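Structure file query-v9.cif with mmCIF, C-alpha atoms and all ligand atoms:
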```cif
data_entry
#
loop_
_atom_site.label_atom_id
_atom_site.label_comp_id
_atom_site.auth_asym_id
_atom_site.auth_seq_id
_atom_site.Cartn_x
_atom_site.Cartn_y
_atom_site.Cartn_z
CA MET A 1 31.86 19.37 0.22
CA ASP A 2 35.17 20.33 1.76
CA ALA A 3 38.14 21.24 -0.34
CA PRO A 4 41.13 19.12 0.61
CA GLY A 5 43.44 20.66 3.15
CA VAL A 6 45.47 23.69 2.34
CA GLN A 7 48.96 22.24 2.72
CA ALA A 8 49.52 19.78 5.52
CA GLY A 9 48.11 19.45 9.00
CA HIS A 10 50.80 20.97 11.18
CA GLY A 11 50.44 24.65 11.84
CA GLU A 12 46.91 24.46 10.45
CA HIS A 13 45.48 24.14 13.90
CA GLY A 14 47.41 26.77 15.77
CA GLY A 15 46.01 29.94 17.34
CA ARG A 16 42.43 31.16 17.39
CA ASN A 17 41.25 28.73 14.71
CA ALA A 18 42.46 25.83 16.79
CA ALA A 19 40.53 27.04 19.81
CA ALA A 20 37.36 27.46 17.75
CA ALA A 21 37.81 24.09 16.06
CA ALA A 22 38.49 22.42 19.40
CA ALA A 23 35.39 23.95 20.95
CA ALA A 24 33.20 22.86 18.02
CA GLY A 25 34.93 19.49 17.82
CA THR A 26 34.49 18.74 21.52
CA ARG A 27 30.77 19.26 21.25
CA LEU A 28 30.51 16.74 18.41
CA ASP A 29 33.20 14.30 19.43
CA PRO A 30 34.29 13.87 23.05
CA TRP A 31 37.66 12.50 21.89
CA PHE A 32 38.47 15.50 19.69
CA ALA A 33 41.14 16.90 22.02
CA ALA A 34 42.82 13.51 22.30
CA TYR A 35 43.56 13.05 18.58
CA ALA A 36 47.15 13.13 17.44
CA GLU A 37 48.07 16.24 15.51
CA ARG A 38 48.25 14.19 12.29
CA ALA A 39 44.65 13.00 12.63
CA HIS A 40 43.35 16.56 12.45
CA GLY A 41 44.49 16.78 8.84
CA MET A 42 42.52 13.66 7.86
CA ARG A 43 39.19 14.11 6.16
CA ALA A 44 37.05 12.18 3.71
CA SER A 45 38.25 12.79 0.18
CA GLU A 46 35.83 14.48 -2.18
CA VAL A 47 35.77 11.26 -4.15
CA ARG A 48 34.74 9.19 -1.11
CA SER A 49 31.97 11.49 0.00
CA LEU A 50 30.58 11.45 -3.53
CA PHE A 51 30.36 7.70 -3.76
CA ALA A 52 27.03 7.42 -1.95
CA VAL A 53 25.16 9.71 -4.35
CA ALA A 54 27.08 8.80 -7.44
CA ASN A 55 26.25 5.12 -6.98
CA ARG A 56 22.51 5.67 -7.29
CA PRO A 57 21.49 3.95 -10.54
CA GLU A 58 19.82 7.02 -12.05
CA VAL A 59 23.06 9.03 -11.74
CA VAL A 60 25.62 8.63 -14.53
CA SER A 61 28.84 8.57 -12.57
CA LEU A 62 31.85 9.93 -14.38
CA ALA A 63 33.37 10.31 -10.92
CA GLY A 64 34.77 7.03 -9.59
CA GLY A 65 37.89 5.23 -10.70
CA MET A 66 36.49 1.72 -10.34
CA PRO A 67 37.81 -0.60 -13.03
CA ASN A 68 35.20 -2.40 -15.09
CA ILE A 69 35.86 -6.06 -14.33
CA GLU A 70 32.86 -7.60 -16.02
CA GLY A 71 35.12 -9.29 -18.55
CA LEU A 72 36.93 -11.36 -15.93
CA PRO A 73 36.83 -15.16 -16.37
CA LEU A 74 34.78 -15.81 -13.23
CA ASP A 75 34.28 -19.53 -13.88
CA PHE A 76 38.02 -19.99 -14.25
CA LEU A 77 38.63 -18.02 -11.05
CA ALA A 78 36.04 -20.04 -9.14
CA GLU A 79 37.73 -23.30 -10.15
CA MET A 80 41.18 -21.88 -9.51
CA THR A 81 40.13 -20.81 -6.01
CA ALA A 82 38.55 -24.17 -5.21
CA LYS A 83 41.73 -25.93 -6.38
CA LEU A 84 43.89 -23.57 -4.35
CA LEU A 85 41.92 -24.26 -1.20
CA ARG A 86 41.77 -27.98 -1.80
CA GLU A 87 45.44 -28.43 -2.60
CA ARG A 88 47.17 -25.66 -0.66
CA GLY A 89 44.46 -24.45 1.68
CA THR A 90 46.43 -24.54 4.91
CA ARG A 91 49.12 -22.42 3.30
CA ALA A 92 46.72 -19.99 1.61
CA LEU A 93 44.87 -19.39 4.87
CA GLN A 94 47.98 -19.07 7.04
CA TYR A 95 50.14 -16.03 7.88
CA GLY A 96 52.99 -15.43 5.46
CA GLY A 97 56.30 -13.54 5.40
CA GLY A 98 56.28 -9.75 5.62
CA GLN A 99 57.88 -9.26 2.21
CA GLY A 100 55.37 -11.42 0.38
CA GLU A 101 55.49 -14.84 -1.26
CA GLU A 102 58.56 -15.57 -3.35
CA GLU A 103 56.60 -17.29 -6.12
CA LEU A 104 54.51 -14.14 -6.60
CA ARG A 105 57.54 -11.84 -6.37
CA GLU A 106 59.15 -13.86 -9.17
CA GLN A 107 56.05 -13.38 -11.31
CA ILE A 108 55.94 -9.66 -10.49
CA VAL A 109 59.48 -9.40 -11.85
CA GLU A 110 58.17 -10.86 -15.13
CA VAL A 111 55.23 -8.40 -15.17
CA MET A 112 57.63 -5.47 -14.73
CA ARG A 113 59.62 -6.52 -17.81
CA TYR A 114 56.84 -4.90 -19.82
CA ASP A 115 57.97 -1.59 -18.22
CA HIS A 116 61.58 -2.39 -19.18
CA VAL A 117 62.46 -3.02 -15.53
CA HIS A 118 64.96 -5.81 -14.84
CA ALA A 119 64.59 -6.53 -11.15
CA HIS A 120 65.39 -9.24 -8.66
CA PRO A 121 62.55 -10.84 -6.66
CA ASP A 122 64.47 -10.03 -3.44
CA ASP A 123 63.89 -6.32 -4.07
CA VAL A 124 60.12 -6.61 -4.45
CA VAL A 125 57.83 -6.01 -1.46
CA VAL A 126 54.24 -7.20 -1.84
CA THR A 127 51.73 -4.75 -0.35
CA THR A 128 48.01 -4.38 0.24
CA GLY A 129 47.44 -2.56 -3.03
CA SER A 130 49.83 0.15 -4.13
CA GLN A 131 47.96 2.40 -1.71
CA GLN A 132 49.72 0.67 1.20
CA ALA A 133 53.03 1.04 -0.60
CA LEU A 134 52.41 4.80 -0.83
CA ASP A 135 51.79 4.81 2.90
CA LEU A 136 54.93 2.80 3.71
CA VAL A 137 57.25 4.88 1.56
CA THR A 138 55.89 8.07 3.11
CA GLU A 139 56.17 6.63 6.60
CA ILE A 140 59.84 5.78 6.21
CA PHE A 141 60.88 9.03 4.50
CA VAL A 142 58.67 11.90 5.58
CA ASP A 143 58.84 13.80 8.87
CA PRO A 144 56.26 16.50 9.65
CA GLY A 145 57.08 19.62 7.65
CA ASP A 146 59.16 17.80 5.01
CA VAL A 147 58.27 18.63 1.42
CA VAL A 148 56.82 16.18 -1.06
CA VAL A 149 56.88 17.54 -4.59
CA ALA A 150 53.98 16.29 -6.70
CA GLU A 151 52.42 16.97 -10.07
CA ALA A 152 49.74 19.63 -10.37
CA PRO A 153 47.21 17.96 -10.18
CA SER A 154 47.96 14.72 -8.23
CA TYR A 155 46.24 11.46 -7.27
CA VAL A 156 43.88 12.25 -4.41
CA GLY A 157 44.76 9.08 -2.47
CA ALA A 158 48.44 9.99 -2.43
CA LEU A 159 47.65 13.50 -1.21
CA GLY A 160 45.70 11.94 1.66
CA VAL A 161 48.74 9.87 2.66
CA PHE A 162 51.09 12.86 2.48
CA ARG A 163 48.67 14.88 4.61
CA ALA A 164 48.45 12.10 7.19
CA TYR A 165 52.23 12.22 7.61
CA GLN A 166 52.10 16.02 7.84
CA ALA A 167 54.09 16.64 4.68
CA ASP A 168 53.92 19.94 2.84
CA VAL A 169 52.95 19.18 -0.74
CA VAL A 170 54.38 21.50 -3.37
CA HIS A 171 52.86 21.12 -6.83
CA VAL A 172 54.82 21.36 -10.08
CA ALA A 173 53.15 22.10 -13.41
CA MET A 174 52.36 19.52 -16.05
CA ASP A 175 51.45 20.00 -19.68
CA GLU A 176 50.32 17.65 -22.45
CA ALA A 177 53.75 15.98 -22.29
CA GLY A 178 53.59 15.36 -18.53
CA LEU A 179 55.60 16.92 -15.72
CA VAL A 180 57.61 19.91 -17.00
CA PRO A 181 61.34 19.33 -16.32
CA GLU A 182 62.31 23.03 -16.24
CA GLU A 183 59.54 23.73 -13.69
CA LEU A 184 60.71 20.83 -11.55
CA ASP A 185 64.31 22.02 -11.61
CA ARG A 186 63.31 25.58 -10.79
CA CYS A 187 61.02 24.41 -7.95
CA LEU A 188 63.66 22.17 -6.37
CA ALA A 189 66.28 24.93 -6.58
CA GLU A 190 63.89 27.41 -4.94
CA LEU A 191 63.00 24.98 -2.14
CA LYS A 192 66.69 24.39 -1.53
CA ARG A 193 67.29 28.15 -1.39
CA GLN A 194 64.54 28.36 1.26
CA GLY A 195 66.28 25.65 3.28
CA ARG A 196 63.36 23.20 2.93
CA ARG A 197 63.90 19.45 3.19
CA VAL A 198 62.51 17.86 0.04
CA LYS A 199 62.13 14.10 0.44
CA LEU A 200 60.17 12.79 -2.52
CA LEU A 201 59.00 13.53 -6.00
CA TYR A 202 55.67 11.73 -6.34
CA THR A 203 54.83 11.09 -9.99
CA VAL A 204 52.42 9.04 -12.12
CA PRO A 205 54.21 9.02 -15.49
CA ASN A 206 51.70 6.89 -17.41
CA PHE A 207 48.04 7.79 -18.08
CA HIS A 208 47.96 10.14 -15.17
CA ASN A 209 45.23 10.16 -12.55
CA PRO A 210 43.57 12.69 -12.87
CA ALA A 211 45.27 14.51 -15.77
CA GLY A 212 45.15 11.73 -18.38
CA VAL A 213 48.57 12.68 -19.81
CA THR A 214 51.74 10.60 -20.19
CA LEU A 215 55.32 11.72 -19.61
CA THR A 216 57.12 11.70 -22.97
CA MET A 217 60.16 9.52 -23.61
CA GLU A 218 62.27 12.61 -24.07
CA ARG A 219 61.43 13.95 -20.61
CA ARG A 220 61.95 10.73 -18.66
CA PRO A 221 65.75 10.86 -18.32
CA GLN A 222 65.52 14.62 -17.68
CA ILE A 223 63.20 14.17 -14.69
CA VAL A 224 65.42 11.44 -13.27
CA GLU A 225 68.57 13.54 -13.76
CA ILE A 226 67.06 16.58 -12.04
CA CYS A 227 66.00 14.53 -9.02
CA ARG A 228 69.39 12.86 -8.81
CA ARG A 229 71.13 16.24 -8.92
CA HIS A 230 68.92 17.55 -6.07
CA HIS A 231 69.15 14.26 -4.14
CA VAL A 232 65.41 13.72 -4.16
CA LEU A 233 64.01 10.18 -4.27
CA VAL A 234 61.50 9.53 -7.06
CA LEU A 235 58.30 7.72 -6.08
CA GLU A 236 57.01 6.36 -9.39
CA ASP A 237 53.40 5.18 -9.16
CA ASN A 238 52.41 3.09 -12.16
CA PRO A 239 49.07 1.30 -11.75
CA TYR A 240 47.88 2.04 -15.32
CA GLY A 241 51.10 1.43 -17.27
CA LEU A 242 49.90 -1.71 -19.10
CA LEU A 243 46.62 -0.07 -20.10
CA GLY A 244 47.92 1.96 -23.04
CA PHE A 245 45.59 2.07 -26.06
CA ASP A 246 48.04 2.46 -28.91
CA ALA A 247 51.61 1.62 -28.03
CA ASP A 248 53.68 -0.64 -25.80
CA PRO A 249 54.68 0.82 -22.41
CA MET A 250 57.57 3.28 -22.39
CA PRO A 251 60.58 2.58 -20.17
CA SER A 252 59.72 3.41 -16.58
CA LEU A 253 61.76 5.92 -14.56
CA LYS A 254 62.93 2.95 -12.50
CA SER A 255 64.50 1.41 -15.60
CA ILE A 256 66.46 4.63 -16.14
CA ASP A 257 67.76 5.08 -12.58
CA ASP A 258 67.57 2.00 -10.39
CA ASP A 259 69.04 3.62 -7.25
CA GLY A 260 67.04 6.83 -7.32
CA VAL A 261 63.53 5.45 -7.81
CA VAL A 262 60.98 3.49 -5.79
CA TYR A 263 58.54 1.96 -8.26
CA LEU A 264 54.97 1.03 -7.30
CA GLY A 265 52.84 -1.44 -9.22
CA SER A 266 49.39 -2.92 -8.74
CA PHE A 267 47.11 -5.70 -9.96
CA SER A 268 44.05 -3.55 -9.29
CA LYS A 269 43.58 -2.22 -12.82
CA THR A 270 45.17 -4.97 -14.89
CA PHE A 271 43.38 -7.78 -13.04
CA ALA A 272 41.07 -7.01 -10.09
CA PRO A 273 41.23 -4.64 -7.12
CA GLY A 274 39.41 -6.99 -4.73
CA TYR A 275 42.49 -9.11 -4.09
CA ARG A 276 44.21 -5.96 -2.76
CA VAL A 277 47.65 -6.85 -4.06
CA GLY A 278 50.23 -4.34 -5.22
CA TRP A 279 53.96 -4.02 -4.80
CA ALA A 280 56.97 -1.78 -4.35
CA LEU A 281 60.33 -2.24 -6.03
CA ALA A 282 62.94 -0.35 -4.06
CA PRO A 283 66.71 0.00 -3.76
CA HIS A 284 68.03 -2.71 -1.44
CA ALA A 285 68.37 -0.73 1.82
CA VAL A 286 65.02 0.99 1.31
CA ARG A 287 63.40 -2.39 0.70
CA GLU A 288 64.49 -3.56 4.17
CA LYS A 289 62.86 -0.56 5.83
CA LEU A 290 59.70 -1.08 3.80
CA VAL A 291 59.43 -4.68 4.97
CA LEU A 292 59.93 -3.68 8.62
CA ALA A 293 57.33 -0.92 8.32
CA SER A 294 54.89 -3.26 6.59
CA GLU A 295 55.36 -5.99 9.20
CA SER A 296 54.54 -3.58 11.97
CA ALA A 297 51.48 -2.34 10.07
CA ILE A 298 49.95 -5.62 8.83
CA LEU A 299 52.31 -8.52 9.76
CA SER A 300 51.99 -10.01 6.29
CA PRO A 301 50.10 -9.28 3.08
CA THR A 302 47.08 -11.43 2.24
CA MET A 303 48.20 -15.00 1.54
CA MET A 304 44.92 -15.89 -0.14
CA GLY A 305 45.23 -12.88 -2.44
CA GLN A 306 48.87 -13.52 -3.26
CA LEU A 307 48.46 -17.21 -4.04
CA SER A 308 45.31 -16.52 -6.06
CA ILE A 309 47.12 -13.97 -8.18
CA ALA A 310 50.10 -16.29 -8.58
CA ALA A 311 47.73 -19.04 -9.78
CA TYR A 312 45.99 -16.64 -12.17
CA LEU A 313 49.26 -15.37 -13.66
CA SER A 314 50.58 -18.88 -14.24
CA GLY A 315 47.30 -20.59 -15.22
CA TYR A 316 45.54 -18.02 -17.39
CA ASP A 317 46.38 -15.82 -20.36
CA TRP A 318 46.58 -12.73 -18.11
CA TYR A 319 48.16 -10.57 -20.79
CA GLY A 320 45.30 -11.48 -23.14
CA GLN A 321 42.96 -10.23 -20.42
CA VAL A 322 44.94 -6.98 -20.21
CA LYS A 323 44.58 -6.60 -23.98
CA SER A 324 40.82 -7.03 -23.78
CA TYR A 325 40.67 -4.45 -20.98
CA ARG A 326 42.58 -2.07 -23.26
CA GLU A 327 40.07 -2.55 -26.06
CA MET A 328 37.15 -1.92 -23.73
CA TYR A 329 38.70 1.21 -22.21
CA ARG A 330 39.74 2.54 -25.60
CA GLU A 331 36.13 2.30 -26.80
CA ARG A 332 35.00 4.19 -23.68
CA ARG A 333 37.71 6.82 -24.08
CA ASP A 334 36.53 7.34 -27.66
CA ALA A 335 32.93 7.68 -26.48
CA MET A 336 34.01 10.27 -23.91
CA LEU A 337 36.06 12.33 -26.37
CA SER A 338 33.40 12.37 -29.06
CA ALA A 339 30.69 13.30 -26.53
CA LEU A 340 32.84 16.17 -25.25
CA ALA A 341 33.39 17.42 -28.80
CA GLU A 342 29.68 17.17 -29.55
CA PHE A 343 28.16 18.55 -26.35
CA LEU A 344 30.84 20.66 -24.65
CA PRO A 345 32.91 22.34 -27.35
CA GLU A 346 33.37 25.41 -25.15
CA ALA A 347 35.51 23.35 -22.72
CA SER A 348 38.97 21.88 -23.36
CA TRP A 349 40.31 18.50 -22.31
CA THR A 350 43.30 16.20 -22.39
CA VAL A 351 43.37 13.24 -24.80
CA PRO A 352 44.49 10.17 -22.81
CA ASP A 353 46.38 7.40 -24.60
CA GLY A 354 45.49 4.94 -21.87
CA GLY A 355 44.12 4.60 -18.36
CA PHE A 356 40.80 5.83 -17.03
CA TYR A 357 40.59 9.64 -17.01
CA THR A 358 40.35 12.86 -18.90
CA TRP A 359 40.91 16.25 -17.30
CA VAL A 360 38.51 18.90 -18.46
CA LYS A 361 39.00 22.65 -18.22
CA LEU A 362 35.61 24.32 -17.76
CA PRO A 363 34.68 27.49 -19.62
CA ASP A 364 36.02 30.60 -17.87
CA GLY A 365 34.29 31.68 -14.71
CA LEU A 366 32.78 28.32 -13.76
CA ASP A 367 33.58 26.69 -10.43
CA ALA A 368 33.65 22.88 -10.51
CA GLN A 369 33.11 22.52 -6.77
CA ALA A 370 30.17 24.91 -6.59
CA MET A 371 28.58 23.32 -9.66
CA LEU A 372 28.71 19.75 -8.36
CA PRO A 373 25.44 19.71 -6.37
CA ARG A 374 23.63 21.00 -9.47
CA ALA A 375 25.29 18.34 -11.61
CA VAL A 376 24.16 15.62 -9.21
CA THR A 377 20.64 17.05 -9.28
CA ASN A 378 20.88 16.72 -13.06
CA LEU A 379 21.93 13.07 -12.53
CA VAL A 380 25.58 13.24 -13.49
CA ALA A 381 28.60 13.10 -11.19
CA TYR A 382 32.25 14.07 -11.62
CA VAL A 383 35.11 14.88 -9.30
CA SER A 384 35.91 18.55 -8.83
CA GLY A 385 39.48 19.46 -9.74
CA THR A 386 39.97 20.80 -6.21
CA ALA A 387 40.26 17.22 -4.91
CA PHE A 388 43.59 16.84 -6.69
CA TYR A 389 45.49 19.72 -5.17
CA ALA A 390 46.83 20.25 -1.67
CA ASP A 391 46.73 24.02 -2.06
CA GLY A 392 43.18 24.91 -3.06
CA GLN A 393 43.70 25.08 -6.84
CA GLY A 394 41.57 23.18 -9.33
CA HIS A 395 38.25 25.02 -9.25
CA ASP A 396 38.31 25.41 -13.01
CA HIS A 397 38.74 21.68 -13.77
CA VAL A 398 36.81 18.45 -13.45
CA ARG A 399 38.05 14.88 -13.68
CA LEU A 400 35.87 12.68 -15.87
CA SER A 401 36.44 8.94 -15.75
CA PHE A 402 35.42 6.69 -18.60
CA CYS A 403 36.37 3.36 -17.02
CA TYR A 404 33.10 2.17 -15.53
CA PRO A 405 29.99 3.32 -17.46
CA THR A 406 29.12 1.91 -20.89
CA PRO A 407 29.80 4.10 -23.95
CA GLU A 408 26.06 4.94 -24.14
CA ARG A 409 26.00 6.05 -20.49
CA ILE A 410 29.18 8.07 -20.98
CA ARG A 411 27.54 9.94 -23.86
CA GLU A 412 24.42 10.55 -21.80
CA GLY A 413 26.51 11.69 -18.82
CA VAL A 414 28.47 14.21 -20.88
CA ARG A 415 25.20 15.49 -22.41
CA ARG A 416 23.79 16.06 -18.92
CA LEU A 417 27.01 17.71 -17.79
CA ALA A 418 26.90 20.04 -20.78
CA ASP A 419 23.36 21.10 -19.80
CA VAL A 420 24.59 21.96 -16.31
CA VAL A 421 27.59 23.87 -17.65
CA ARG A 422 25.40 25.88 -19.99
CA ALA A 423 22.85 26.67 -17.30
CA GLU A 424 25.67 27.67 -14.95
CA ALA A 425 27.33 29.92 -17.53
CA GLU A 426 24.06 31.79 -18.00
CA LEU A 427 23.48 32.43 -14.25
N1 LIG A 501 47.90 5.18 -7.45
C1 LIG A 501 47.04 5.68 -8.33
C2 LIG A 501 47.52 6.72 -9.28
C3 LIG A 501 45.71 5.25 -8.36
O1 LIG A 501 44.88 5.77 -9.26
C4 LIG A 501 45.30 4.27 -7.44
C5 LIG A 501 43.86 3.77 -7.38
N2 LIG A 501 42.88 4.56 -7.90
C6 LIG A 501 46.24 3.76 -6.54
C7 LIG A 501 47.54 4.23 -6.58
C8 LIG A 501 45.89 2.72 -5.52
O2 LIG A 501 45.51 1.51 -6.09
P1 LIG A 501 45.57 0.11 -5.37
O3 LIG A 501 45.80 0.33 -3.91
O4 LIG A 501 44.24 -0.52 -5.65
O5 LIG A 501 46.71 -0.62 -6.00
#
```

Would you write out, as structure tokens, the structure that this file holds?
Amino acid sequence: MDAPGVQAGHGEHGGRNAAAAAAAGTRLDPWFAAYAERAHGMRASEVRSLFAVANRPEVVSLAGGMPNIEGLPLDFLAEMTAKLLRERGTRALQYGGGQGEEELREQIVEVMRYDHVHAHPDDVVVTTGSQQALDLVTEIFVDPGDVVVAEAPSYVGALGVFRAYQADVVHVAMDEAGLVPEELDRCLAELKRQGRRVKLLYTVPNFHNPAGVTLTMERRPQIVEICRRHHVLVLEDNPYGLLGFDADPMPSLKSIDDDGVVYLGSFSKTFAPGYRVGWALAPHAVREKLVLASESAILSPTMMGQLSIAAYLSGYDWYGQVKSYREMYRERRDAMLSALAEFLPEASWTVPDGGFYTWVKLPDGLDAQAMLPRAVTNLVAYVSGTAFYADGQGHDHVRLSFCYPTPERIREGVRRLADVVRAEAEL
């Protein structure tokens, strides 16, 4: 499997390599020479190419980030959908406005109160999952060669977007307490000294994907202050914020600096990803650009999805559902941590207080990417740490997700992984 790109696409295809790639590419794909420069940087993520094997029933997949939605009230949703179509069908099946339906935006404002955000519905843009919001923000801010600063490691889907817009991703270290403020400050000062244009800090402060850590309360205002001082917009991605196991959500970065932060939210993990509804909350002028960019990409977000979610939020105890998700994921997190302690004591790992993932450091000398085919042969799948860096790091880590398999399967998966690790260490 390919490592993700080393930095961004531009420059990557110059010179002799470009000629060789073009020659090979033309043989396989007659349109190779016609692709835009940005398309050359696009490739299937390691996570995507794993899906086919990892989904075989005999494989315990600790790889994917699919939420477990078996606890959803399907009978309620079936009736709700029938009612929606019967009573408001011509609206639900029609085009809508580019910014999204006002009734849903009002409800999104209520959802964000849990993150201590006090917003106005006019500043919310409904998107096709938060993934589209990542794309829109990058489209309106990033020119080829601009720098996006991101945590080390970072969400693979965001790295794919940054690569598509030919950004240079520069990673900044995290520790158990999240992104390290001193490292961020030092990095931004150095980039400035080099004359680089830094456009965004991309960060997942809560229950990080893939690192499993959460930015402490103490660090939150520090991160915001550093970005403000360097005039860098913060892109705060918060799909897991309500899925904390022990405590209520901490104030989001957006609640600390309204003007300097674009906040992204999603119903994918707290409700269901199939509706494909997320949102961006942005400063007023930025919001206008986002709406224009979204209209030219998709005209309007799904009306059926928006009105379904609005009906669910107003007609069901959605926060009760979130609480039952938390209980289920906490039990799975516990199963993962105790299996790691039992079977893989020679590794080390983060202890997530919420979300879906733990980030495991392999014993010295092991290579997560090279080991993966042997793991799959031993019927367990994970994502190699290399997927989560734009610069080739991550060989010594794996991301294990505990969201989808049952606690028993998680234990079995970790046991199988430990066998592979031990066999590998003895080679
Ligand atoms: N951001 C992060 C950190 C994610 O983990 C994901 C999904 N795995 C997304 C954004 C995108 O989610 P969606 O488009 O379903 O809202």

request  = Could you check which of A:Ala280, A:Val383, A:Ala133, A:Ala34 is closest to Gln369 in chain A, using all atoms listed in the file?
outcome  =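 That would be A:Val383, the residue with the smallest distance to Gln369 in chain A.
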
query = Neighbours of ligand LIG 501 (chain A) within 9 Å, counting all atoms listed in the file, as a PyMOL selection string?
reply = chain A and resi 64-67+127-134+154-158+203-204+207-210+237-240+264-269+272-279+356

Selection to disk with C-alpha atoms, as a tab-separated table (two decimals), keeping the file's coordinate frame:
```tsv
chain	number	residue	atom	x	y	z
A	64	GLY	CA	34.77	7.03	-9.59
A	65	GLY	CA	37.89	5.23	-10.70
A	66	MET	CA	36.49	1.72	-10.34
A	67	PRO	CA	37.81	-0.60	-13.03
A	127	THR	CA	51.73	-4.75	-0.35
A	128	THR	CA	48.01	-4.38	0.24
A	129	GLY	CA	47.44	-2.56	-3.03
A	130	SER	CA	49.83	0.15	-4.13
A	131	GLN	CA	47.96	2.40	-1.71
A	132	GLN	CA	49.72	0.67	1.20
A	133	ALA	CA	53.03	1.04	-0.60
A	134	LEU	CA	52.41	4.80	-0.83
A	154	SER	CA	47.96	14.72	-8.23
A	155	TYR	CA	46.24	11.46	-7.27
A	156	VAL	CA	43.88	12.25	-4.41
A	157	GLY	CA	44.76	9.08	-2.47
A	158	ALA	CA	48.44	9.99	-2.43
A	203	THR	CA	54.83	11.09	-9.99
A	204	VAL	CA	52.42	9.04	-12.12
A	207	PHE	CA	48.04	7.79	-18.08
A	208	HIS	CA	47.96	10.14	-15.17
A	209	ASN	CA	45.23	10.16	-12.55
A	210	PRO	CA	43.57	12.69	-12.87
A	237	ASP	CA	53.40	5.18	-9.16
A	238	ASN	CA	52.41	3.09	-12.16
A	239	PRO	CA	49.07	1.30	-11.75
A	240	TYR	CA	47.88	2.04	-15.32
A	264	LEU	CA	54.97	1.03	-7.30
A	265	GLY	CA	52.84	-1.44	-9.22
A	266	SER	CA	49.39	-2.92	-8.74
A	267	PHE	CA	47.11	-5.70	-9.96
A	268	SER	CA	44.05	-3.55	-9.29
A	269	LYS	CA	43.58	-2.22	-12.82
A	272	ALA	CA	41.07	-7.01	-10.09
A	273	PRO	CA	41.23	-4.64	-7.12
A	274	GLY	CA	39.41	-6.99	-4.73
A	275	TYR	CA	42.49	-9.11	-4.09
A	276	ARG	CA	44.21	-5.96	-2.76
A	277	VAL	CA	47.65	-6.85	-4.06
A	278	GLY	CA	50.23	-4.34	-5.22
A	279	TRP	CA	53.96	-4.02	-4.80
A	356	PHE	CA	40.80	5.83	-17.03
```

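Here CA of Gly365 in chain A and CA of Val398 in chain A stand 13.5 Å from one another.
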
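Distance annotation: of A:His284, A:Lys83, A:Arg43, A:Arg422, the residue with the minimal separation from Val262 in chain A is A:His284; atom set is only C-alpha atoms.
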
message = Which residues are close to Val261 in chain A, i.e. within 9 Å by all atoms listed in the file, leaving aside same-chain residues fewer than 3 positions away? Reply as a list in words.
response = Val224, Leu233, Val234, Leu235, Glu236, Leu253, Lys254, Ser255, Ile256, Asp257, Asp258, Leu281, Ala282 and Pro283 of chain A

So that each row is one residue of range 292-346 of chain A with an atom at most 7 Å from range 100-117 of chain A, can you give its shortest atom pair and the distance in Å to one decimal, using all atoms listed in the file, rows by chain and rising number, as JSON lines?
```
{"residue": "A:Ser300", "atom": "CA", "partner": "A:Gly100", "partner_atom": "CA", "distance": 7.0}
{"residue": "A:Pro301", "atom": "CA", "partner": "A:Gly100", "partner_atom": "CA", "distance": 6.3}
{"residue": "A:Gln306", "atom": "CA", "partner": "A:Leu104", "partner_atom": "CA", "distance": 6.6}
{"residue": "A:Ala310", "atom": "CA", "partner": "A:Leu104", "partner_atom": "CA", "distance": 5.3}
```

Atoms kept (C-alpha atoms) for selection, written as an mmCIF file, keeping the file's coordinate frame:
```cif
data_model
loop_
_atom_site.group_PDB
_atom_site.id
_atom_site.type_symbol
_atom_site.label_atom_id
_atom_site.label_comp_id
_atom_site.auth_asym_id
_atom_site.auth_seq_id
_atom_site.Cartn_x
_atom_site.Cartn_y
_atom_site.Cartn_z
ATOM 1 C CA SER A 300 51.990 -10.010 6.290
ATOM 2 C CA PRO A 301 50.100 -9.280 3.080
ATOM 3 C CA GLN A 306 48.870 -13.520 -3.260
ATOM 4 C CA ALA A 310 50.100 -16.290 -8.580
#
```

key: Residue list as a count of residues only for point (26.1, 10.8, -24.9), cut-off 12 Å, only C-alpha atoms   = 30

message = Please compute the CA of Leu362 in chain A-CA of Glu183 in chain A distance, one decimal, in Å.
response =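 Computing the Euclidean distance for CA of Leu362 in chain A and CA of Glu183 in chain A yields 24.3 Å.
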
query = Hey, can you check how far CA of Leu292 in chain A sits from CA of Tyr165 in chain A?
reply =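 Rounded to one decimal, the two atoms are 17.7 Å apart.
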
Please provide as a PDB file with C-alpha atoms, keeping the file's coordinate frame all residues within 10 Å of Tyr95 in chain A, with the sequence filter that same-chain residues fewer than 2 positions apart are discarded (counting all atoms listed in the file).
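What ended up in result07.pdb:
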```pdb
ATOM      1  CA  THR A  90      46.430 -24.540   4.910  1.00  0.00           C
ATOM      2  CA  ARG A  91      49.120 -22.420   3.300  1.00  0.00           C
ATOM      3  CA  ALA A  92      46.720 -19.990   1.610  1.00  0.00           C
ATOM      4  CA  LEU A  93      44.870 -19.390   4.870  1.00  0.00           C
ATOM      5  CA  GLY A  97      56.300 -13.540   5.400  1.00  0.00           C
ATOM      6  CA  GLY A  98      56.280  -9.750   5.620  1.00  0.00           C
ATOM      7  CA  LEU A 299      52.310  -8.520   9.760  1.00  0.00           C
ATOM      8  CA  SER A 300      51.990 -10.010   6.290  1.00  0.00           C
ATOM      9  CA  PRO A 301      50.100  -9.280   3.080  1.00  0.00           C
ATOM     10  CA  THR A 302      47.080 -11.430   2.240  1.00  0.00           C
ATOM     11  CA  MET A 303      48.200 -15.000   1.540  1.00  0.00           C
ATOM     12  CA  MET A 304      44.920 -15.890  -0.140  1.00  0.00           C
TER      13      MET A 304
END
```
